[in-house]
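Structure file entry-v5.pdb (PDB, C-alpha atoms) is printed below.
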ATOM      1  CA  MET S1282     -16.523 -35.311 -32.253
ATOM      2  CA  LEU S1283     -13.554 -36.289 -30.067
ATOM      3  CA  GLY S1284     -11.818 -32.979 -30.987
ATOM      4  CA  ARG S1285     -14.811 -30.950 -29.735
ATOM      5  CA  VAL S1286     -14.864 -32.887 -26.456
ATOM      6  CA  ARG S1287     -11.134 -32.240 -25.899
ATOM      7  CA  LYS S1288     -11.560 -28.571 -26.728
ATOM      8  CA  GLY S1289     -14.526 -28.346 -24.331
ATOM      9  CA  LEU S1290     -12.522 -30.004 -21.556
ATOM     10  CA  MET S1291      -9.629 -27.587 -22.083
ATOM     11  CA  VAL S1292     -11.995 -24.589 -21.846
ATOM     12  CA  LEU S1293     -13.616 -26.078 -18.741
ATOM     13  CA  SER S1294     -10.198 -26.692 -17.132
ATOM     14  CA  ALA S1295      -9.062 -23.137 -17.847
ATOM     15  CA  SER S1296     -12.311 -21.750 -16.416
ATOM     16  CA  CYS S1297     -11.905 -23.807 -13.251
ATOM     17  CA  LEU S1298      -8.352 -22.529 -12.791
ATOM     18  CA  LEU S1299      -9.499 -18.927 -13.171
ATOM     19  CA  MET S1300     -12.398 -19.326 -10.741
ATOM     20  CA  SER S1301     -10.329 -21.132  -8.129
ATOM     21  CA  GLY S1302      -7.551 -18.552  -8.205
ATOM     22  CA  GLY S1303      -5.220 -21.187  -9.583
ATOM     23  CA  LEU S1304      -2.139 -20.753 -11.698
ATOM     24  CA  LEU S1305      -3.655 -18.057 -13.887
ATOM     25  CA  ALA S1306      -4.358 -15.619 -11.004
ATOM     26  CA  SER S1307      -1.919 -12.723 -10.747
ATOM     27  CA  PRO S1308      -1.494 -10.320  -7.846
ATOM     28  CA  LEU S1309      -0.575  -7.582 -10.372
ATOM     29  CA  ASP S1310      -3.668  -7.862 -12.565
ATOM     30  CA  GLY S1311      -7.176  -6.553 -11.887
ATOM     31  CA  LYS S1312      -8.824  -4.773  -8.978
ATOM     32  CA  LYS S1313      -7.641  -5.662  -5.456
ATOM     33  CA  ASP S1314      -8.554  -4.595  -1.911
ATOM     34  CA  ILE S1315      -5.969  -2.854   0.265
ATOM     35  CA  LEU S1316      -6.092  -3.983   3.886
ATOM     36  CA  LEU S1317      -4.140  -2.634   6.825
ATOM     37  CA  VAL S1318      -3.836  -5.255   9.551
ATOM     38  CA  ASP S1319      -3.544  -4.364  13.221
ATOM     39  CA  LYS S1320      -1.167  -6.089  15.613
ATOM     40  CA  LYS S1321      -4.027  -8.389  16.738
ATOM     41  CA  GLY S1322      -4.590  -9.559  13.146
ATOM     42  CA  GLN S1323      -7.783  -7.541  12.504
ATOM     43  CA  PRO S1324      -7.933  -6.146   8.926
ATOM     44  CA  ILE S1325      -9.291  -2.761   7.853
ATOM     45  CA  VAL S1326     -10.081  -2.309   4.141
ATOM     46  CA  VAL S1327      -8.788   1.183   3.319
ATOM     47  CA  GLY S1328      -9.101   1.230  -0.467
ATOM     48  CA  THR S1329      -8.514  -0.527  -3.740
ATOM     49  CA  VAL S1330      -5.807  -0.680  -6.354
ATOM     50  CA  SER S1331      -6.391  -1.620  -9.991
ATOM     51  CA  PHE S1332      -3.517  -3.171 -11.942
ATOM     52  CA  LYS S1333      -3.215  -3.274 -15.711
ATOM     53  CA  PRO S1334      -0.329  -5.456 -16.954
ATOM     54  CA  GLY S1335       1.922  -4.161 -19.719
ATOM     55  CA  GLU S1336       5.286  -4.971 -21.300
ATOM     56  CA  SER S1337       7.482  -3.552 -18.536
ATOM     57  CA  GLY S1338       5.262  -4.239 -15.518
ATOM     58  CA  SER S1339       1.795  -3.322 -14.298
ATOM     59  CA  HIS S1340       0.412   0.194 -14.275
ATOM     60  CA  TYR S1341      -1.746   0.854 -11.228
ATOM     61  CA  GLU S1342      -4.434   3.257 -10.055
ATOM     62  CA  LEU S1343      -4.986   3.716  -6.339
ATOM     63  CA  HIS S1344      -8.312   4.628  -4.726
ATOM     64  CA  MET S1345      -8.420   5.259  -0.985
ATOM     65  CA  ASP S1346     -11.801   4.797   0.757
ATOM     66  CA  HIS S1347     -11.992   8.179   2.458
ATOM     67  CA  ASP S1348     -15.176   7.149   4.280
ATOM     68  CA  LYS S1349     -12.927   5.080   6.575
ATOM     69  CA  PHE S1350     -10.781   8.125   7.399
ATOM     70  CA  ARG S1351     -11.473  11.230   9.450
ATOM     71  CA  ASP S1352     -10.283  14.710   8.505
ATOM     72  CA  TYR S1353      -7.611  16.283  10.706
ATOM     73  CA  PHE S1354      -5.881  19.623  10.275
ATOM     74  CA  LEU S1355      -2.301  18.997  11.394
ATOM     75  CA  SER S1356       0.641  21.375  10.982
ATOM     76  CA  MET S1357      -1.233  23.544   8.473
ATOM     77  CA  LYS S1358      -2.180  20.544   6.347
ATOM     78  CA  GLU S1359      -5.455  18.659   5.998
ATOM     79  CA  MET S1360      -4.899  14.937   6.488
ATOM     80  CA  LYS S1361      -7.079  11.860   6.254
ATOM     81  CA  CYS S1362      -6.479   9.696   9.320
ATOM     82  CA  LEU S1363      -7.652   6.332  10.599
ATOM     83  CA  GLU S1364      -8.547   6.422  14.271
ATOM     84  CA  GLY S1365      -7.469   3.692  16.669
ATOM     85  CA  PRO S1366      -4.895   3.438  19.447
ATOM     86  CA  GLU S1367      -2.913   5.860  17.246
ATOM     87  CA  LEU S1368      -3.870   8.186  14.424
ATOM     88  CA  TRP S1369      -2.650   6.640  11.162
ATOM     89  CA  CYS S1370      -2.657   9.429   8.549
ATOM     90  CA  HIS S1371      -2.314   8.687   4.834
ATOM     91  CA  LEU S1372       0.257  10.757   2.952
ATOM     92  CA  ALA S1373       0.268   9.957  -0.746
ATOM     93  CA  TYR S1374       3.539  10.540  -2.548
ATOM     94  CA  PRO S1375       3.366  14.222  -3.615
ATOM     95  CA  TYR S1376       5.390  14.158  -6.856
ATOM     96  CA  LYS S1377       4.865  12.850 -10.362
ATOM     97  CA  GLN S1378       5.834   9.208 -10.666
ATOM     98  CA  PRO S1379       5.263   6.382 -13.173
ATOM     99  CA  ASN S1380       2.669   4.345 -11.168
ATOM    100  CA  MET S1381       4.362   1.118 -12.323
ATOM    101  CA  VAL S1382       5.228  -2.019 -10.394
ATOM    102  CA  THR S1383       6.761  -5.399 -11.185
ATOM    103  CA  GLN S1384       6.840  -8.721  -9.316
ATOM    104  CA  ASP S1385      10.243  -7.718  -7.918
ATOM    105  CA  ASP S1386       9.754  -3.972  -7.395
ATOM    106  CA  LEU S1387       6.637  -2.583  -5.694
ATOM    107  CA  SER S1388       8.324   0.572  -4.413
ATOM    108  CA  TRP S1389       6.125   3.089  -6.259
ATOM    109  CA  LEU S1390       3.007   1.537  -4.733
ATOM    110  CA  SER S1391       4.721   1.669  -1.335
ATOM    111  CA  HIS S1392       5.338   5.384  -1.912
ATOM    112  CA  ASP S1393       1.634   5.953  -2.609
ATOM    113  CA  LEU S1394       0.721   4.156   0.628
ATOM    114  CA  LEU S1395       2.858   6.203   3.018
ATOM    115  CA  PHE S1396       1.414   6.939   6.441
ATOM    116  CA  MET S1397       2.328   8.998   9.470
ATOM    117  CA  PHE S1398       1.387   7.864  12.961
ATOM    118  CA  LYS S1399       0.857   9.944  16.080
ATOM    119  CA  LYS S1400      -0.838   9.825  19.426
ATOM    120  CA  LYS S1401      -4.220  11.565  19.426
ATOM    121  CA  GLU S1402      -3.196  13.943  22.207
ATOM    122  CA  GLU S1403       0.019  15.082  20.469
ATOM    123  CA  PHE S1404      -0.059  18.464  18.790
ATOM    124  CA  GLY S1405       0.615  18.776  15.057
ATOM    125  CA  ALA S1406       2.070  16.348  12.577
ATOM    126  CA  ASN S1407       5.292  14.456  13.283
ATOM    127  CA  PHE S1408       6.612  13.695   9.817
ATOM    128  CA  TRP S1409       9.597  11.822  11.263
ATOM    129  CA  ASN S1410       7.021   9.217  12.388
ATOM    130  CA  GLY S1411       6.520   7.984   8.844
ATOM    131  CA  ILE S1412       5.486   4.474   7.838
ATOM    132  CA  TYR S1413       6.581   2.831   4.590
ATOM    133  CA  TYR S1414       5.152  -0.618   3.812
ATOM    134  CA  HIS S1415       7.918  -2.696   2.237
ATOM    135  CA  MET S1416       5.942  -4.958  -0.112
ATOM    136  CA  THR S1417       6.618  -8.332  -1.689
ATOM    137  CA  VAL S1418       4.533 -10.636  -3.855
ATOM    138  CA  GLN S1419       3.643 -13.788  -1.925
ATOM    139  CA  GLY S1420       1.588 -16.223  -3.975
ATOM    140  CA  ASP S1421      -1.528 -14.430  -5.201
ATOM    141  CA  GLU S1422      -1.221 -11.587  -2.650
ATOM    142  CA  ILE S1423       0.989  -8.612  -1.993
ATOM    143  CA  ARG S1424       2.203  -8.418   1.609
ATOM    144  CA  GLY S1425       3.698  -5.346   3.219
ATOM    145  CA  GLU S1426       5.561  -4.903   6.474
ATOM    146  CA  ALA S1427       5.710  -1.473   8.116
ATOM    147  CA  GLN S1428       9.102   0.201   8.273
ATOM    148  CA  ALA S1429      10.012   3.519   9.880
ATOM    149  CA  VAL S1430      10.860   6.404   7.570
ATOM    150  CA  ASP S1431      11.347  10.155   8.001
ATOM    151  CA  LEU S1432       8.792  11.744   5.657
ATOM    152  CA  ASN S1433      10.619  15.095   5.873
ATOM    153  CA  VAL S1434      12.706  13.667   2.995
ATOM    154  CA  LEU S1435       9.715  14.517   0.787
ATOM    155  CA  ALA S1436       9.759  18.239   1.649
ATOM    156  CA  SER S1437      11.401  18.851  -1.734
ATOM    157  CA  PRO S1438      11.233  16.777  -4.925
ATOM    158  CA  PRO S1439      13.965  14.218  -5.584
ATOM    159  CA  ASP S1440      16.575  14.948  -8.256
ATOM    160  CA  ASP S1441      15.239  12.124 -10.441
ATOM    161  CA  LEU S1442      11.447  11.715 -10.424
ATOM    162  CA  ASN S1443      11.797   8.220 -11.958
ATOM    163  CA  VAL S1444      13.715   6.812  -8.977
ATOM    164  CA  PRO S1445      11.828   6.114  -5.725
ATOM    165  CA  PRO S1446      13.536   8.185  -2.989
ATOM    166  CA  MET S1447      12.612   5.961  -0.015
ATOM    167  CA  ASN S1448      15.277   3.316  -0.644
ATOM    168  CA  GLU S1449      16.505   0.773   1.915
ATOM    169  CA  GLY S1450      18.973   3.292   3.351
ATOM    170  CA  GLU S1451      16.096   5.629   4.278
ATOM    171  CA  ARG S1452      14.104   2.951   6.143
ATOM    172  CA  ASP S1453      14.439   1.256   9.535
ATOM    173  CA  GLU S1454      12.653  -1.571  11.296
ATOM    174  CA  ILE S1455       9.869  -0.682  13.708
ATOM    175  CA  ASP S1456       8.882  -2.187  17.031
ATOM    176  CA  ARG S1457       5.862  -4.122  15.759
ATOM    177  CA  THR S1458       4.413  -4.452  19.270
ATOM    178  CA  LYS S1459       4.135  -0.661  19.592
ATOM    179  CA  ARG S1460       2.601   0.215  16.210
ATOM    180  CA  TRP S1461      -1.114  -0.147  15.580
ATOM    181  CA  LEU S1462      -1.073  -1.279  11.902
ATOM    182  CA  PRO S1463       2.195  -3.125  11.241
ATOM    183  CA  ASP S1464       1.020  -5.098   8.182
ATOM    184  CA  LEU S1465      -0.583  -4.550   4.793
ATOM    185  CA  ILE S1466      -2.223  -7.049   2.452
ATOM    186  CA  ILE S1467      -3.391  -6.460  -1.109
ATOM    187  CA  ARG S1468      -5.670  -9.195  -2.475
TER     188      ARG S1468
END
Output the file's structure as structure tokens, nothing else.
Amino acid sequence: MLGRVRKGLMVLSASCLLMSGGLLASPLDGKKDILLVDKKGQPIVVGTVSFKPGESGSHYELHMDHDKFRDYFLSMKEMKCLEGPELWCHLAYPYKQPNMVTQDDLSWLSHDLLFMFKKKEEFGANFWNGIYYHMTVQGDEIRGEAQAVDLNVLASPPDDLNVPPMNEGERDEIDRTKRWLPDLIIR
């Protein structure tokens, strides 16, 4: 009888930890919302990402909520853009890649969440105004901080499709007070 009670308490404890987001929660497991956060702290849910853990990391599938975006035809290319003080246009990484991340390396997900910003009144697309969200795992969330990147680097495929081309040397800090959506949260 005592054995069944202990076993029941262990199951109950494990269930409570799962429900409360305790120690068993993982930011790289399951379906999560992707939020872009404006400089005033207001979030916009722009899609979801589903993680499936494996031996060498988590495989992910990204789904952008295109109902939140408006279609623009910029520089001979159709783009999905969020409208605000700036246009914030999503540019998914255009080449084959492994769609894998680890606790210490989220760069492929960052490559799939590339954006370009521009003023509404500007003509065409300015690919040198690229945004790369440098992401880190923080507790049970993934946090990203916008960095400036020249998306013209992606005009041709990289030599090695298994190595993310937007490394630290390709990225610069941005003036966070001037950009509309300087932060990203995945939870």
Can you sort out the box for region 1415-1430 of chain S, edges along x, y and z, all listed atoms in, 6 Å on every side, with centre and edge lengths in Å to one decimal, as lines of an AutoDock Vina configuration file?
center_x = 4.7
center_y = -4.9
center_z = 2.3
size_x = 24.4
size_y = 34.6
size_z = 27.1
Exercise. Work out how far CA of Cys1362 (chain S) is from CA of Gly1322 (chain S), in Å to one decimal.
Key: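 According to the coordinates, CA of Gly1322 (chain S) and CA of Cys1362 (chain S) are separated by 19.7 Å.
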Quiz item: When distances are computed from all atoms listed in the file, which of S:Val1418, S:Leu1394, S:Ile1423, S:Leu1316 shows the smallest separation from Leu1343 (chain S)?
Solution: S:Leu1394
Quiz item: Which of these residues is nearest to Gln1419 (chain S), using only C-alpha atoms: S:Leu1390, S:Ile1467, S:Met1345, S:Leu1442?
Solution: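 Of the candidates, the smallest distance to Gln1419 (chain S) is held by S:Ile1467.
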Self-check item: Residues within 12 Å of region 1376-1379 of chain S, only C-alpha atoms, excluding chain neighbours under 5 positions, as a VMD selection string
Solution: chain S and resid 1337 to 1342 1387 to 1390 1392 to 1393 1435 to 1446
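Shortest separation to Ile1315 (chain S) among S:Ser1391, S:Asn1433, S:Ser1356, S:Gln1384 occurs at residue S:Ser1391, atoms counted being only C-alpha atoms.
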Quiz item: What is the distance between CA of Met1360 (chain S) and CA of Asp1453 (chain S), in Å to one decimal?
Solution: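 Distance between the two atoms: 23.9 Å.
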Practice problem: Would you kindly identify which residues have an atom no farther than 10 Å from (-8.9, 2.0, 14.6), using all atoms listed in the file and the file's own coordinates, and write them out as a list in words? | Solution: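 Checked against the point, the hits come out as Asp1319, Gln1323, Pro1324, Ile1325, Lys1349, Phe1350, Cys1362, Leu1363, Glu1364, Gly1365, Pro1366, Glu1367, Leu1368, Trp1369, Trp1461 and Leu1462 of chain S.
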Quiz item: Which distance in Å separates CA of Lys1399 (chain S) and CA of Ile1466 (chain S), to one decimal?
Solution: 22.0 Å
